[in-house]
There are 2 protein chains.
Amino acid sequence: MDRQIKAVATLAEVATAAGVGASTVSRVLRGRGSFSDKARERVMLAVAKLGYVPNRIAGTLASAGSRLVGVIVPSLANIVFPEILRGVGAALDASGHQTFIGISDYDLEREKTLIAAMLAWRPAAVLVTGLEHSPQARAMLANSGGRVAEMIDIDGDGIDIVVGFSHRAAGAVSARHLISRGYRRIGYVGHDLAHDTRATKRLAGFEAALQEAGLALVDREVTPAPSSIEAGRDGLEHLLARAPVLDAVYFANDDLAVGGYFLCLAKRIAIPDELALFGFDGLDIARAAPQPIATIRTPRILIGSTAARLALSGEPAQVVNVGFELSEGTTT
Amino acid sequence: MDRQIKAVATLAEVATAAGVGASTVSRVLRGRGSFSDKARERVMLAVAKLGYVPNRIAGTLASAGSRLVGVIVPSLANIVFPEILRGVGAALDASGHQTFIGISDYDLEREKTLIAAMLAWRPAAVLVTGLEHSPQARAMLANSGGRVAEMIDIDGDGIDIVVGFSHRAAGAVSARHLISRGYRRIGYVGHDLAHDTRATKRLAGFEAALQEAGLALVDREVTPAPSSIEAGRDGLEHLLARAPVLDAVYFANDDLAVGGYFLCLAKRIAIPDELALFGFDGLDIARAAPQPIATIRTPRILIGSTAARLALSGEPAQVVNVGFELSEGTTT
DNA sequence: GTGAAAGCGCTAACAG
DNA sequence: CTGTTAGCGCTTTCAC
């Protein structure tokens with residue numbers, strides 16, 4: 001394991017071994033320009049013999065066009081973001097791009113730091129989550145010289161490409177669904193809203209729709225902790241302890257909703273007769289539960305792949321609304 | 001959005017603006033070598049004015065030492081691997097390293113391709129999942145000139161650094177636990193074993209322990225699909241349809257086990273009186289369920305952070321066994 | 001303490 | 001079709 005011994009061959013060494021010039025090796029390896037079959041054979045032979053792996057660092061510097069794409073997501077703890085990454089990967093792998101990811105932990109300062117670090121690699125594009133960024137982060141992205149895509153949210157002003165859906169609308173649809181089913185005493189269980197701006201927008205849309213119907217949230221339980229199944233279970237327990245007269249609860253997302261569902265199972269609260277549950281995201285687990293949980297399904301893989309594709313295909317700046325879908329389940 | 005216009009400043013431009021030489025700018029920016037306070041001020045001013053972001057591509061090429069770390073995981077669909085990435089990130093972010101990730105989809109051919117692509121960026125280290133690789137992938141890693149860490153599994157021969165635990169042992173512990181509780185008619189529900197070699201090792205350890213006790217698996221249901229909650233639910237349903245006399249079921253992981261748990265809820269199968277369940281991973285959801293599911297908890301974040309730390313700290317090649325922990329739950 | 005010069009390994013015009 | 005010549009933007013001696 002002797003590292004740092006530069007056992008790795010260079011293009012010049014391949015050229016010498018093959019008895020051709022460096023540029024011929026370069027042409028052969030990238031299949032561009034023209035070269036004879038004989039030259040190709042000799043180059044390939046030398047490459048195999050030396051175990052040559054082209055140095056992309058040097059290649060990128062020389063050609064001034066990187067095949068790197070930076071992606072920043074707020075978390076990987078929620079399966080939502082890994083799915084977005086899968087979409088990004090699906091669109092990128094085929095075109096020979098490398099993806100590097102950064103986790104912002106829902107922290108705009110950290111996002112700014114990550115963006116600066118990414119830009120140092122001169123990526124062809126940077127894909128970020130959401131439309132809210134620190135002013136400096138926005139400026140860096142706008143002046144980076146590369147493409148920028150903002151994913152998941154469309155409620156606001158974008159920098160370049162925006163792919164997502166309206167969280168306000170999703171919240172409103174959720175509220176109208178509960179109202180249409182006759183629920184009137186509705187509570188809310190959420191997590192650290194200060195950082196999850198999209199959950200905040202959903203709640204705003206939800207409350208606006210309630211208001212239109214002459215209603216208001218009866219009570220809300222918001223934990224400062226990150227979203228998790230346990231946070232949902234405990235959140236609902238606290239909420240019910242305070243406001244036992246609820247007939248429905250809106251959860252900030254499906255993780256929390258599953259936690260609430262588990263609490264109802266444990267406490268033998270009949271769903272939806274005694275209490276209706278509504279989530280957000282459309283996770284597998286919400287659908288696979290004995291009672292599928294009512295939720296909003298979002299096309300996460302599509303968001304990732306669309307953002308990546310548009311950012312790398314020279315398309316003009318635009319906003320793409322991929323929409324969402326109400327999944328009724330049996331909990332309302 | 002005019003891309004490709006190279007609006008980005010270079011170090012030479014900063015030097016001119018600051019009225020100093022390029023090497024002084026370089027020294028100031030990295031805080032190495034010596035320079036006057038006055039020089040530093042002028043450089044910092046010019047950097048701010050021009051919005052200069054150092055080009056790491058050029059820097060890496062010139063200094064022949066990259067701060068890139070490549071990580072390959074088989075999937076992001078299971079929260080296990082994002083957690084490993086979190087561990088890696090925690091260890092790396094502090095030291096100014098950039099993380100590259102690749103998703104192999106449990107496919108050794110694809111892993112090989114990803115490794116080749118990563119090596120082209122001359123990473124300081126490559127972290128891969130498991131000990132099974134194609135011969136070429138192994139050779140590339142061994143000859144890369146950088147450090148290699150193999151994560152999660154220690155049952156086999158490593159290339160350089162190995163951080164994980166024994167899946168065979170985990171399977172054996174699971175079996176002995178069920179046996180000690182008096183279960184004798186045990187079934188298995190798993191997913192595509194051809195690709196998930198670690199699940200295969202766990203099953204091998206499980207069956208070996210059964211055999212030691214003079215027992216054998218009564219029946220097994222293995223779906224070719226990837227692991228999911230629904231696969232676990234359907235798998236258990238099929239298994240019970242064929243082998244209704246089981247008193248316990250071992251699942252390849254907690255996703256499948258939760259699916260099995262949901263099936264029992266839906267079919268009103270009493271746990272553990274009519275059927276005991278045992279999983280693997282120690283996911284939050286298995287713990288937060290109304291009945292916490294018996295499982296093996298694994299230190300995933302620790303694995304990621306340890307692997308990253310060792311790979312970058314000049315430590316000699318070694319195997320680190322981080323162990324695992326039996327979590328009894330209430331399902332056995 | 002600081003600048004000039006020489007590359008890092010590759011690509012991209014050029015001639016030939 | 002192919003080799004030579006310049007760099008890409010930075011770090012790193014090495015004199016001054």
# chains A, B, ... in the order shown; residues from 1 in each chain; ligands from 1
>>> interface_residues(of="chain D", to="chain B", cutoff="6 Å", atoms="only C-alpha atoms (C1' of nucleotides)", output="list of chain:residue names")
D:DG9, D:DC10, D:DT11
>>> write_last_selection(atoms="C-alpha atoms (C1' of nucleotides)", output="short mmCIF file (atom, residue, chain, number, x, y, z; two decimals), in the first residue's frame")
data_model
loop_
_atom_site.label_atom_id
_atom_site.label_comp_id
_atom_site.auth_asym_id
_atom_site.auth_seq_id
_atom_site.Cartn_x
_atom_site.Cartn_y
_atom_site.Cartn_z
"C1'" DG D 9 -4.70 28.16 -13.61
"C1'" DC D 10 -2.33 27.07 -10.13
"C1'" DT D 11 1.78 25.59 -6.82
#
>>> closest_atom_pairs(of="chain C", to="chain A", cutoff="8 Å", atoms="only C-alpha atoms (C1' of nucleotides)", output="JSON lines")
{"residue": "C:DC8", "atom": "C1'", "partner": "A:Ala58", "partner_atom": "CA", "distance": 7.9}
{"residue": "C:DG9", "atom": "C1'", "partner": "A:Ala58", "partner_atom": "CA", "distance": 5.0}
{"residue": "C:DC10", "atom": "C1'", "partner": "A:Gly59", "partner_atom": "CA", "distance": 4.6}
{"residue": "C:DT11", "atom": "C1'", "partner": "A:Ala62", "partner_atom": "CA", "distance": 5.2}
{"residue": "C:DA12", "atom": "C1'", "partner": "A:Ser63", "partner_atom": "CA", "distance": 7.8}
>>> select_by_dssp(residues="segment 3-205 of chain A", states="alpha helix (DSSP H)", output="PyMOL selection string")
chain A and resi 11-18+22-30+37-50+56-63+80-93+108-119+135-142+167-180+197-205
>>> interface_residues(of="chain B", to="chain A", cutoff="8 Å", atoms="only C-alpha atoms", output="CSV table (one decimal) with C-alpha atoms, in the first residue's frame")
chain,number,residue,atom,x,y,z
B,1,MET,CA,-27.5,33.3,-17.9
B,2,ASP,CA,-24.7,33.5,-20.3
B,3,ARG,CA,-22.7,30.4,-19.4
B,4,GLN,CA,-19.2,29.7,-20.8
B,5,ILE,CA,-18.3,33.3,-20.7
B,6,LYS,CA,-15.6,32.7,-18.1
B,7,ALA,CA,-16.7,35.6,-16.0
B,8,VAL,CA,-14.7,34.1,-13.3
B,53,VAL,CA,-12.9,31.6,-6.2
B,54,PRO,CA,-9.7,29.6,-6.4
B,55,ASN,CA,-9.8,27.0,-9.1
B,56,ARG,CA,-9.3,23.7,-7.4
B,57,ILE,CA,-8.8,21.9,-10.7
B,58,ALA,CA,-5.7,23.9,-11.4
B,60,THR,CA,-4.9,20.0,-7.6
B,61,LEU,CA,-3.0,19.5,-10.9
B,76,LEU,CA,-29.6,5.1,-1.5
B,77,ALA,CA,-33.1,3.6,-1.3
B,78,ASN,CA,-32.3,2.0,2.0
B,79,ILE,CA,-31.5,4.5,4.7
B,82,PRO,CA,-27.2,7.5,3.5
B,83,GLU,CA,-26.3,7.1,7.1
B,86,ARG,CA,-23.3,11.0,6.8
B,98,GLN,CA,-14.9,16.9,-1.3
B,99,THR,CA,-17.0,13.7,-1.4
B,100,PHE,CA,-18.0,12.1,-4.7
B,101,ILE,CA,-20.6,9.5,-4.6
B,102,GLY,CA,-21.5,6.7,-7.0
B,116,ALA,CA,-12.7,3.7,-13.2
B,117,ALA,CA,-14.5,7.0,-13.5
B,119,LEU,CA,-10.0,7.1,-10.3
B,120,ALA,CA,-9.8,9.5,-13.3
B,121,TRP,CA,-10.1,12.3,-10.7
B,122,ARG,CA,-7.1,11.0,-8.8
B,142,ALA,CA,-5.0,-1.7,-5.4
B,143,ASN,CA,-3.0,0.1,-8.1
B,144,SER,CA,-4.7,3.5,-7.8
B,145,GLY,CA,-1.9,5.0,-5.7
B,146,GLY,CA,-4.5,6.2,-3.2
B,147,ARG,CA,-6.0,4.7,-0.1
B,160,ASP,CA,-6.3,-1.8,2.4
B,229,ILE,CA,-41.6,-2.8,2.9
B,230,GLU,CA,-44.1,-4.1,0.3
B,259,GLY,CA,-43.6,-5.2,5.8
B,262,PHE,CA,-47.7,-4.8,8.7
B,263,LEU,CA,-49.1,-8.0,7.3
B,265,LEU,CA,-51.3,-6.3,11.9
B,266,ALA,CA,-53.6,-6.5,8.9
B,284,ASP,CA,-35.8,3.9,13.4
B,285,ILE,CA,-39.0,2.6,12.1
B,288,ALA,CA,-40.8,3.2,16.7
B,289,ALA,CA,-43.4,0.7,15.7
B,290,PRO,CA,-46.1,-0.1,18.4
B,317,ALA,CA,-3.8,-1.2,6.3
>>> select_by_dssp(residues="segment 165-314 of chain A", states="strand (DSSP E)", output="list in words")
Phe165, Ile186, Gly187, Tyr188, Val189, Gly190, Asp219, Arg220, Glu221, Val222, Ala248, Val249, Tyr250, Phe251, Ala276, Leu277, Phe278, Thr295, Ile296 and Arg297 of chain A
>>> residues_around(residues="Leu193 of chain B", least_positions_apart="2", cutoff="10 Å", atoms="only C-alpha atoms (C1' of nucleotides)", output="PDB file with C-alpha atoms, in the first residue's frame")
ATOM      1  CA  GLY B 190     -35.406 -12.209   1.713  1.00  0.00           C
ATOM      2  CA  HIS B 191     -34.772 -10.332  -1.491  1.00  0.00           C
ATOM      3  CA  HIS B 195     -26.673  -9.164  -5.524  1.00  0.00           C
ATOM      4  CA  ASP B 196     -26.806  -8.496  -1.824  1.00  0.00           C
ATOM      5  CA  THR B 197     -23.870 -10.633  -0.768  1.00  0.00           C
ATOM      6  CA  ARG B 198     -24.056  -9.434   2.812  1.00  0.00           C
ATOM      7  CA  ALA B 199     -27.616 -10.658   3.220  1.00  0.00           C
ATOM      8  CA  THR B 200     -26.387 -13.957   1.837  1.00  0.00           C
ATOM      9  CA  LYS B 201     -23.662 -14.109   4.467  1.00  0.00           C
ATOM     10  CA  LEU B 203     -28.384 -16.157   6.015  1.00  0.00           C
ATOM     11  CA  VAL B 222     -36.911 -14.981  -1.714  1.00  0.00           C
ATOM     12  CA  THR B 223     -38.168 -12.368  -4.124  1.00  0.00           C
ATOM     13  CA  PRO B 224     -35.961 -11.268  -6.998  1.00  0.00           C
ATOM     14  CA  ALA B 225     -37.113  -7.692  -6.363  1.00  0.00           C
ATOM     15  CA  PRO B 226     -35.116  -5.177  -4.345  1.00  0.00           C
ATOM     16  CA  ALA B 252     -33.108 -10.217   5.486  1.00  0.00           C
TER      17      ALA B 252
END
>>> residues_around(residues="DA6 of chain C", least_positions_apart="2", cutoff="10 Å", atoms="only C-alpha atoms (C1' of nucleotides)", output="short mmCIF file (atom, residue, chain, number, x, y, z; two decimals) with C-alpha atoms (C1' of nucleotides), in the first residue's frame")
data_model
loop_
_atom_site.label_atom_id
_atom_site.label_comp_id
_atom_site.auth_asym_id
_atom_site.auth_seq_id
_atom_site.Cartn_x
_atom_site.Cartn_y
_atom_site.Cartn_z
"C1'" DA C 4 10.07 34.90 -11.92
"C1'" DT D 12 6.42 25.35 -6.05
"C1'" DT D 13 11.27 25.86 -6.04
#
>>> atom_distance(atom1="atom CA of Ala15 of chain A", atom2="atom CA of Val43 of chain A")
7.2 Å
>>> atom_distance(atom1="atom CA of Val47 of chain A", atom2="atom CA of Val126 of chain B")
22.2 Å
>>> atom_distance(atom1="atom CA of Glu325 of chain B", atom2="atom CA of Gly235 of chain A")
28.5 Å
>>> residues_around(residues="Leu108 of chain B", least_positions_apart="5", cutoff="10 Å", atoms="only C-alpha atoms (C1' of nucleotides)", output="PyMOL selection string")
chain B and resi 74+113-114+132-135+137+195
>>> residues_around(residues="segment 297-302 of chain A", least_positions_apart="3", cutoff="8 Å", atoms="only C-alpha atoms (C1' of nucleotides)", output="list of chain:residue names")
A:Val80, A:Phe81, A:Glu83, A:Ile84, A:Leu85, A:Arg86, A:Gly87, A:Val88, A:Ile152, A:Phe280, A:Asp281, A:Gly282, A:Leu283, A:Ser305, A:Thr306, A:Val322, A:Gly323, A:Phe324, A:Glu325, A:Leu326, A:Ser327
>>> write_last_selection(atoms="N, CA and C atoms", output="mmCIF file, in the first residue's frame")
data_model
loop_
_atom_site.group_PDB
_atom_site.id
_atom_site.type_symbol
_atom_site.label_atom_id
_atom_site.label_comp_id
_atom_site.auth_asym_id
_atom_site.auth_seq_id
_atom_site.Cartn_x
_atom_site.Cartn_y
_atom_site.Cartn_z
ATOM 1 N N VAL A 80 -36.658 11.086 0.725
ATOM 2 C CA VAL A 80 -37.013 12.008 -0.356
ATOM 3 C C VAL A 80 -35.777 12.474 -1.130
ATOM 4 N N PHE A 81 -34.731 12.830 -0.430
ATOM 5 C CA PHE A 81 -33.578 13.413 -1.118
ATOM 6 C C PHE A 81 -32.716 12.377 -1.820
ATOM 7 N N GLU A 83 -33.882 9.965 -3.264
ATOM 8 C CA GLU A 83 -34.617 9.705 -4.504
ATOM 9 C C GLU A 83 -34.353 10.780 -5.546
ATOM 10 N N ILE A 84 -34.265 11.996 -5.095
ATOM 11 C CA ILE A 84 -33.909 13.068 -6.025
ATOM 12 C C ILE A 84 -32.521 12.802 -6.613
ATOM 13 N N LEU A 85 -31.604 12.379 -5.764
ATOM 14 C CA LEU A 85 -30.260 12.064 -6.243
ATOM 15 C C LEU A 85 -30.284 10.932 -7.262
ATOM 16 N N ARG A 86 -31.179 9.981 -7.039
ATOM 17 C CA ARG A 86 -31.281 8.904 -8.020
ATOM 18 C C ARG A 86 -31.723 9.435 -9.368
ATOM 19 N N GLY A 87 -32.658 10.366 -9.339
ATOM 20 C CA GLY A 87 -33.102 10.972 -10.590
ATOM 21 C C GLY A 87 -31.957 11.721 -11.262
ATOM 22 N N VAL A 88 -31.223 12.465 -10.481
ATOM 23 C CA VAL A 88 -30.077 13.203 -11.015
ATOM 24 C C VAL A 88 -29.077 12.225 -11.621
ATOM 25 N N ILE A 152 -37.460 21.082 -6.414
ATOM 26 C CA ILE A 152 -38.547 20.775 -5.466
ATOM 27 C C ILE A 152 -39.582 21.870 -5.315
ATOM 28 N N PHE A 280 -47.636 13.936 3.908
ATOM 29 C CA PHE A 280 -47.086 14.569 2.719
ATOM 30 C C PHE A 280 -45.824 13.850 2.289
ATOM 31 N N ASP A 281 -45.704 13.560 1.014
ATOM 32 C CA ASP A 281 -44.513 13.001 0.355
ATOM 33 C C ASP A 281 -44.882 11.803 -0.515
ATOM 34 N N GLY A 282 -45.735 10.920 0.085
ATOM 35 C CA GLY A 282 -46.047 9.703 -0.665
ATOM 36 C C GLY A 282 -44.942 8.680 -0.547
ATOM 37 N N LEU A 283 -44.509 8.428 0.680
ATOM 38 C CA LEU A 283 -43.464 7.416 0.885
ATOM 39 C C LEU A 283 -44.061 6.014 0.777
ATOM 40 N N SER A 305 -34.187 14.126 -12.276
ATOM 41 C CA SER A 305 -33.731 13.871 -13.640
ATOM 42 C C SER A 305 -34.019 15.072 -14.540
ATOM 43 N N THR A 306 -35.160 15.710 -14.341
ATOM 44 C CA THR A 306 -35.493 16.873 -15.169
ATOM 45 C C THR A 306 -34.523 18.025 -14.903
ATOM 46 N N VAL A 322 -43.815 20.206 -12.062
ATOM 47 C CA VAL A 322 -44.071 18.785 -12.281
ATOM 48 C C VAL A 322 -45.331 18.313 -11.560
ATOM 49 N N GLY A 323 -45.903 19.178 -10.747
ATOM 50 C CA GLY A 323 -47.150 18.830 -10.076
ATOM 51 C C GLY A 323 -47.000 17.800 -8.974
ATOM 52 N N PHE A 324 -48.176 17.379 -8.459
ATOM 53 C CA PHE A 324 -48.198 16.370 -7.394
ATOM 54 C C PHE A 324 -49.548 15.690 -7.477
ATOM 55 N N GLU A 325 -49.741 14.704 -6.629
ATOM 56 C CA GLU A 325 -50.940 13.890 -6.756
ATOM 57 C C GLU A 325 -51.497 13.562 -5.380
ATOM 58 N N LEU A 326 -52.774 13.731 -5.209
ATOM 59 C CA LEU A 326 -53.409 13.371 -3.931
ATOM 60 C C LEU A 326 -53.604 11.864 -3.881
ATOM 61 N N SER A 327 -53.157 11.260 -2.799
ATOM 62 C CA SER A 327 -53.321 9.814 -2.630
ATOM 63 C C SER A 327 -54.240 9.611 -1.433
#
>>> residues_around(residues="DC16 of chain D", least_positions_apart="2", cutoff="10 Å", atoms="only C-alpha atoms (C1' of nucleotides)", output="JSON, numbers by chain")
{"C": [2, 3], "D": [14]}
